[in-house]
Amino acid sequence: MTGSPRLFPVSPWTPLRMSPFCCWGLCVVFLALLCCPGSGEEAFEVRVSPEQLMVKSGGSGVINCSTSCTHPSKGGLETSVDKILLQDYPQWISFMIFNVSQNSSMRCYFWCSGKLGSKSLNINMFYPPEQVLLKLQPTRVPVGSPFTIECRVPSVAPLEGLTVTLLRGSEVLHSQTFEGTALSPQEAMVTYSAEAQLEDSSHNFSCQAKMDLRSRGVKVVDSVSDSQVLEVYEPVQDNWTVIIVVVSVLLLFVTSVLLCFVFGQQGNQRRRGIYRVQATWMRLRGTHPAQPA
């Protein structure tokens, strides 16, 4: 039939011609099916911050729960520890936990499109540097002689994040950062040796212990020891001892000479007395005694 449009190709083996826009559309639909098989809310993520939390015995901490789900139906924090809701948003919830007395675990969770997602975190106890002890050995030293500064921080854990700094006034003499993740309390000690200078006497020595656990949700905790003074003296001051000894010897010598002179005068007077007695006796006998030397 002439003049009528062809609804089918002349030959069954002749392929249909498709618009290039139609090809692109099919490709986009195919990729969408591969990448997004569901509604997009079926796979979602739950996050918790901080991922590890450390709390002082009897203390508190803040935990943030969040999710990638656009419209979660419900969210919360499962824990046996006392808690308070601080802020509540569709994709983010903040809690404060308090009265923590032991290591424990808790879980952030969200419901999204009928599915539950969660993430757990551990709560561990930490022991801050509440006591810092400084010791100078010796406390009195001559210029140029060595002395030692010792700083002890008892019952602290973990050592990770602990920095002990030795100070002379506001000047940092030595600083040491410790490592270790053990949660049992232990002692940290730093020792530093130096030569005494005259200006050391005009400064106070102290020790600062700082624990930085911000990565675990803890604020920086620091403590400072009582200050101590180092007495420094010049060795030439010891010459006074020599001078005192020399003066004492001279005084002893002068005293000895004076005593000898006094005793000598007494001896001469005694001999003159004896001579007078002898002279009187000889005169009576008619003879003359020899003159004393």
# chains A, B, ... in the order shown; residues from 1 in each chain; ligands from 1
>>> residues_around(residues="segment 111-118 of chain A", least_positions_apart="4", cutoff="10 Å", atoms="only C-alpha atoms", output="number ranges by chain")
A: 39-48, 65-78, 107
>>> select_by_dssp(residues="segment 96-177 of chain A", states="strand (DSSP E or B)", output="PyMOL selection string")
chain A and resi 96-98+104-112+115-127+133-137+140-142+146-157+162-168+171-177
>>> residues_around(residues="His174 of chain A", least_positions_apart="3", cutoff="12 Å", atoms="only C-alpha atoms", output="ChimeraX atom specification")
/A:148-151,163-168,170-171,177,190-194,205-208
>>> closest_residue(among="A:Pro158, A:Gly217, A:Pro128, A:Gly169", to="Ala182 of chain A", atoms="only C-alpha atoms")
A:Pro158
>>> atom_distance(atom1="atom CA of Val153 of chain A", atom2="atom CA of Phe126 of chain A")
14.2 Å
>>> select_by_dssp(residues="segment 66-264 of chain A", states="helix (DSSP H, G or I)", output="PyMOL selection string")
chain A and resi 198-202+214-216+235-264
>>> atom_distance(atom1="atom CA of Leu162 of chain A", atom2="atom CA of Pro146 of chain A")
27.6 Å
>>> closest_residue(among="A:Leu250, A:Ala196, A:Met125, A:Val100", to="Glu231 of chain A", atoms="only C-alpha atoms")
A:Ala196
>>> closest_residue(among="A:Asn99, A:Gln278, A:Ser49, A:Gln176", to="Lys83 of chain A", atoms="only C-alpha atoms")
A:Asn99
>>> closest_residue(among="A:Ser94, A:Gln228, A:Ser223, A:Ser80", to="Asp200 of chain A", atoms="only C-alpha atoms")
A:Gln228
>>> closest_residue(among="A:Ala188, A:Leu133, A:Ile123, A:Val141", to="Gln102 of chain A", atoms="only C-alpha atoms")
A:Ile123
>>> residues_around(residues="Val232 of chain A", least_positions_apart="5", cutoff="9 Å", atoms="only C-alpha atoms", output="ChimeraX atom specification")
/A:139-143,196-201
>>> write_last_selection(atoms="N, CA, C and O atoms", output="tab-separated table (two decimals), in the first residue's frame")
chain	number	residue	atom	x	y	z
A	139	THR	N	69.87	20.98	98.72
A	139	THR	CA	69.17	22.26	98.72
A	139	THR	C	70.14	23.43	98.84
A	139	THR	O	69.74	24.57	98.61
A	140	ARG	N	71.40	23.17	99.21
A	140	ARG	CA	72.44	24.20	99.30
A	140	ARG	C	73.67	23.68	98.57
A	140	ARG	O	74.16	22.59	98.87
A	141	VAL	N	74.17	24.46	97.61
A	141	VAL	CA	75.24	23.96	96.74
A	141	VAL	C	76.12	25.13	96.30
A	141	VAL	O	75.62	26.25	96.11
A	142	PRO	N	77.44	24.93	96.15
A	142	PRO	CA	78.31	25.99	95.64
A	142	PRO	C	78.13	26.20	94.15
A	142	PRO	O	77.64	25.31	93.43
A	143	VAL	N	78.53	27.37	93.67
A	143	VAL	CA	78.41	27.69	92.25
A	143	VAL	C	79.21	26.69	91.42
A	143	VAL	O	80.34	26.35	91.76
A	196	ALA	N	74.75	24.42	89.27
A	196	ALA	CA	74.18	25.57	89.98
A	196	ALA	C	74.81	26.88	89.51
A	196	ALA	O	76.03	26.96	89.31
A	197	GLN	N	73.96	27.87	89.30
A	197	GLN	CA	74.40	29.23	88.96
A	197	GLN	C	73.92	30.19	90.04
A	197	GLN	O	72.94	29.91	90.75
A	198	LEU	N	74.60	31.33	90.16
A	198	LEU	CA	74.24	32.28	91.20
A	198	LEU	C	72.80	32.75	91.06
A	198	LEU	O	72.09	32.95	92.05
A	199	GLU	N	72.33	32.92	89.80
A	199	GLU	CA	70.97	33.42	89.60
A	199	GLU	C	69.91	32.39	90.00
A	199	GLU	O	68.73	32.72	90.12
A	200	ASP	N	70.33	31.12	90.21
A	200	ASP	CA	69.35	30.12	90.64
A	200	ASP	C	68.75	30.45	92.00
A	200	ASP	O	67.62	30.05	92.30
A	201	SER	N	69.51	31.19	92.82
A	201	SER	CA	69.02	31.52	94.16
A	201	SER	C	67.86	32.50	94.12
A	201	SER	O	67.10	32.59	95.09
>>> atom_distance(atom1="atom CA of Phe98 of chain A", atom2="atom CA of Leu53 of chain A")
12.4 Å
>>> decode(residues="segment 135-276 of chain A", atoms="C-alpha atoms", output="mmCIF file, in the first residue's frame")
data_model
loop_
_atom_site.group_PDB
_atom_site.id
_atom_site.type_symbol
_atom_site.label_atom_id
_atom_site.label_comp_id
_atom_site.auth_asym_id
_atom_site.auth_seq_id
_atom_site.Cartn_x
_atom_site.Cartn_y
_atom_site.Cartn_z
ATOM 1 C CA LYS A 135 62.592 17.471 95.557
ATOM 2 C CA LEU A 136 65.936 19.309 95.237
ATOM 3 C CA GLN A 137 69.154 17.432 96.034
ATOM 4 C CA PRO A 138 71.002 19.104 97.687
ATOM 5 C CA THR A 139 69.166 22.258 98.724
ATOM 6 C CA ARG A 140 72.440 24.199 99.298
ATOM 7 C CA VAL A 141 75.236 23.964 96.740
ATOM 8 C CA PRO A 142 78.306 25.991 95.639
ATOM 9 C CA VAL A 143 78.407 27.692 92.249
ATOM 10 C CA GLY A 144 79.280 25.286 89.421
ATOM 11 C CA SER A 145 78.440 22.162 91.419
ATOM 12 C CA PRO A 146 75.743 19.736 90.200
ATOM 13 C CA PHE A 147 72.321 19.427 91.746
ATOM 14 C CA THR A 148 69.313 17.263 90.893
ATOM 15 C CA ILE A 149 65.630 18.084 90.472
ATOM 16 C CA GLU A 150 63.254 15.178 91.028
ATOM 17 C CA CYS A 151 59.511 15.299 90.329
ATOM 18 C CA ARG A 152 57.104 12.485 91.208
ATOM 19 C CA VAL A 153 53.441 12.145 90.208
ATOM 20 C CA PRO A 154 51.873 9.241 92.154
ATOM 21 C CA SER A 155 48.678 7.361 91.289
ATOM 22 C CA VAL A 156 48.104 8.548 87.727
ATOM 23 C CA ALA A 157 46.600 6.700 84.726
ATOM 24 C CA PRO A 158 46.827 6.411 81.839
ATOM 25 C CA LEU A 159 50.337 7.721 81.216
ATOM 26 C CA GLU A 160 49.318 8.514 77.656
ATOM 27 C CA GLY A 161 48.863 12.266 77.336
ATOM 28 C CA LEU A 162 50.771 13.044 80.568
ATOM 29 C CA THR A 163 53.490 15.701 80.334
ATOM 30 C CA VAL A 164 55.733 16.616 83.291
ATOM 31 C CA THR A 165 57.581 19.941 83.083
ATOM 32 C CA LEU A 166 60.336 21.199 85.393
ATOM 33 C CA LEU A 167 60.372 24.983 85.830
ATOM 34 C CA ARG A 168 62.812 27.562 87.153
ATOM 35 C CA GLY A 169 60.518 30.498 87.669
ATOM 36 C CA SER A 170 58.662 30.617 84.347
ATOM 37 C CA GLU A 171 61.580 29.077 82.413
ATOM 38 C CA VAL A 172 61.216 25.484 81.220
ATOM 39 C CA LEU A 173 64.253 23.443 82.241
ATOM 40 C CA HIS A 174 63.042 20.048 81.085
ATOM 41 C CA SER A 175 59.823 18.503 79.762
ATOM 42 C CA GLN A 176 58.917 14.847 79.293
ATOM 43 C CA THR A 177 55.806 13.294 77.715
ATOM 44 C CA PHE A 178 54.908 9.770 78.786
ATOM 45 C CA GLU A 179 53.367 6.872 76.868
ATOM 46 C CA GLY A 180 51.247 3.984 78.057
ATOM 47 C CA THR A 181 47.616 2.952 77.894
ATOM 48 C CA ALA A 182 47.399 0.932 81.124
ATOM 49 C CA LEU A 183 44.356 1.981 83.160
ATOM 50 C CA SER A 184 45.753 0.968 86.549
ATOM 51 C CA PRO A 185 47.216 3.855 88.631
ATOM 52 C CA GLN A 186 51.003 4.121 88.633
ATOM 53 C CA GLU A 187 53.771 6.601 89.406
ATOM 54 C CA ALA A 188 55.453 8.890 86.879
ATOM 55 C CA MET A 189 58.874 10.325 87.742
ATOM 56 C CA VAL A 190 61.208 12.784 86.026
ATOM 57 C CA THR A 191 64.810 13.522 87.066
ATOM 58 C CA TYR A 192 66.966 16.362 85.767
ATOM 59 C CA SER A 193 70.540 17.374 86.663
ATOM 60 C CA ALA A 194 72.161 20.790 86.187
ATOM 61 C CA GLU A 195 75.049 22.943 87.414
ATOM 62 C CA ALA A 196 74.184 25.572 89.977
ATOM 63 C CA GLN A 197 74.397 29.226 88.957
ATOM 64 C CA LEU A 198 74.244 32.282 91.200
ATOM 65 C CA GLU A 199 70.970 33.416 89.601
ATOM 66 C CA ASP A 200 69.349 30.119 90.640
ATOM 67 C CA SER A 201 69.024 31.524 94.158
ATOM 68 C CA SER A 202 66.644 34.236 92.929
ATOM 69 C CA HIS A 203 64.173 31.813 91.302
ATOM 70 C CA ASN A 204 61.680 29.296 92.626
ATOM 71 C CA PHE A 205 61.811 25.760 91.278
ATOM 72 C CA SER A 206 58.523 23.934 90.605
ATOM 73 C CA CYS A 207 57.044 21.012 88.680
ATOM 74 C CA GLN A 208 53.890 20.962 86.545
ATOM 75 C CA ALA A 209 52.017 17.797 85.547
ATOM 76 C CA LYS A 210 49.514 18.156 82.695
ATOM 77 C CA MET A 211 47.192 15.418 81.395
ATOM 78 C CA ASP A 212 45.703 16.001 77.940
ATOM 79 C CA LEU A 213 42.917 13.519 77.146
ATOM 80 C CA ARG A 214 40.818 15.747 74.880
ATOM 81 C CA SER A 215 40.806 13.006 72.235
ATOM 82 C CA ARG A 216 38.874 10.904 74.759
ATOM 83 C CA GLY A 217 36.431 13.590 75.784
ATOM 84 C CA VAL A 218 38.351 14.879 78.819
ATOM 85 C CA LYS A 219 39.430 18.462 79.391
ATOM 86 C CA VAL A 220 43.075 19.214 80.115
ATOM 87 C CA VAL A 221 43.908 18.568 83.785
ATOM 88 C CA ASP A 222 47.039 20.075 85.348
ATOM 89 C CA SER A 223 48.575 20.347 88.817
ATOM 90 C CA VAL A 224 51.637 22.204 90.112
ATOM 91 C CA SER A 225 53.928 21.275 92.991
ATOM 92 C CA ASP A 226 54.909 23.532 95.875
ATOM 93 C CA SER A 227 57.843 25.735 94.890
ATOM 94 C CA GLN A 228 61.300 25.304 96.422
ATOM 95 C CA VAL A 229 64.395 27.520 96.615
ATOM 96 C CA LEU A 230 67.960 26.442 95.852
ATOM 97 C CA GLU A 231 70.614 28.162 97.969
ATOM 98 C CA VAL A 232 73.731 28.821 95.872
ATOM 99 C CA TYR A 233 76.949 30.277 97.345
ATOM 100 C CA GLU A 234 80.396 31.121 96.015
ATOM 101 C CA PRO A 235 83.260 28.831 97.096
ATOM 102 C CA VAL A 236 85.487 31.900 97.910
ATOM 103 C CA GLN A 237 83.344 32.399 100.970
ATOM 104 C CA ASP A 238 85.187 29.430 102.486
ATOM 105 C CA ASN A 239 88.327 31.653 102.819
ATOM 106 C CA TRP A 240 86.703 33.216 105.852
ATOM 107 C CA THR A 241 87.215 29.931 107.598
ATOM 108 C CA VAL A 242 90.930 30.066 106.781
ATOM 109 C CA ILE A 243 91.117 33.652 108.008
ATOM 110 C CA ILE A 244 89.417 32.726 111.261
ATOM 111 C CA VAL A 245 91.849 29.859 111.761
ATOM 112 C CA VAL A 246 94.875 32.099 111.068
ATOM 113 C CA VAL A 247 93.635 34.793 113.444
ATOM 114 C CA SER A 248 93.008 32.179 116.106
ATOM 115 C CA VAL A 249 96.576 30.868 115.726
ATOM 116 C CA LEU A 250 97.974 34.385 115.925
ATOM 117 C CA LEU A 251 95.948 35.126 119.038
ATOM 118 C CA LEU A 252 97.173 31.897 120.595
ATOM 119 C CA PHE A 253 100.776 32.796 119.718
ATOM 120 C CA VAL A 254 100.479 36.303 121.145
ATOM 121 C CA THR A 255 98.857 34.932 124.275
ATOM 122 C CA SER A 256 101.681 32.416 124.663
ATOM 123 C CA VAL A 257 104.299 35.165 124.285
ATOM 124 C CA LEU A 258 102.549 37.328 126.853
ATOM 125 C CA LEU A 259 102.316 34.439 129.273
ATOM 126 C CA CYS A 260 105.993 33.673 128.797
ATOM 127 C CA PHE A 261 106.847 37.322 129.423
ATOM 128 C CA VAL A 262 104.710 37.446 132.570
ATOM 129 C CA PHE A 263 106.156 34.218 133.897
ATOM 130 C CA GLY A 264 109.654 35.471 133.020
ATOM 131 C CA GLN A 265 109.091 38.699 134.946
ATOM 132 C CA GLN A 266 107.830 36.749 137.900
ATOM 133 C CA GLY A 267 110.939 34.535 137.741
ATOM 134 C CA ASN A 268 113.262 37.552 137.665
ATOM 135 C CA GLN A 269 111.482 39.084 140.629
ATOM 136 C CA ARG A 270 111.788 35.801 142.469
ATOM 137 C CA ARG A 271 115.537 35.623 141.743
ATOM 138 C CA ARG A 272 116.033 39.246 142.866
ATOM 139 C CA GLY A 273 114.252 38.467 146.118
ATOM 140 C CA ILE A 274 116.498 35.500 146.679
ATOM 141 C CA TYR A 275 119.552 37.690 145.934
ATOM 142 C CA ARG A 276 118.462 40.288 148.485
#
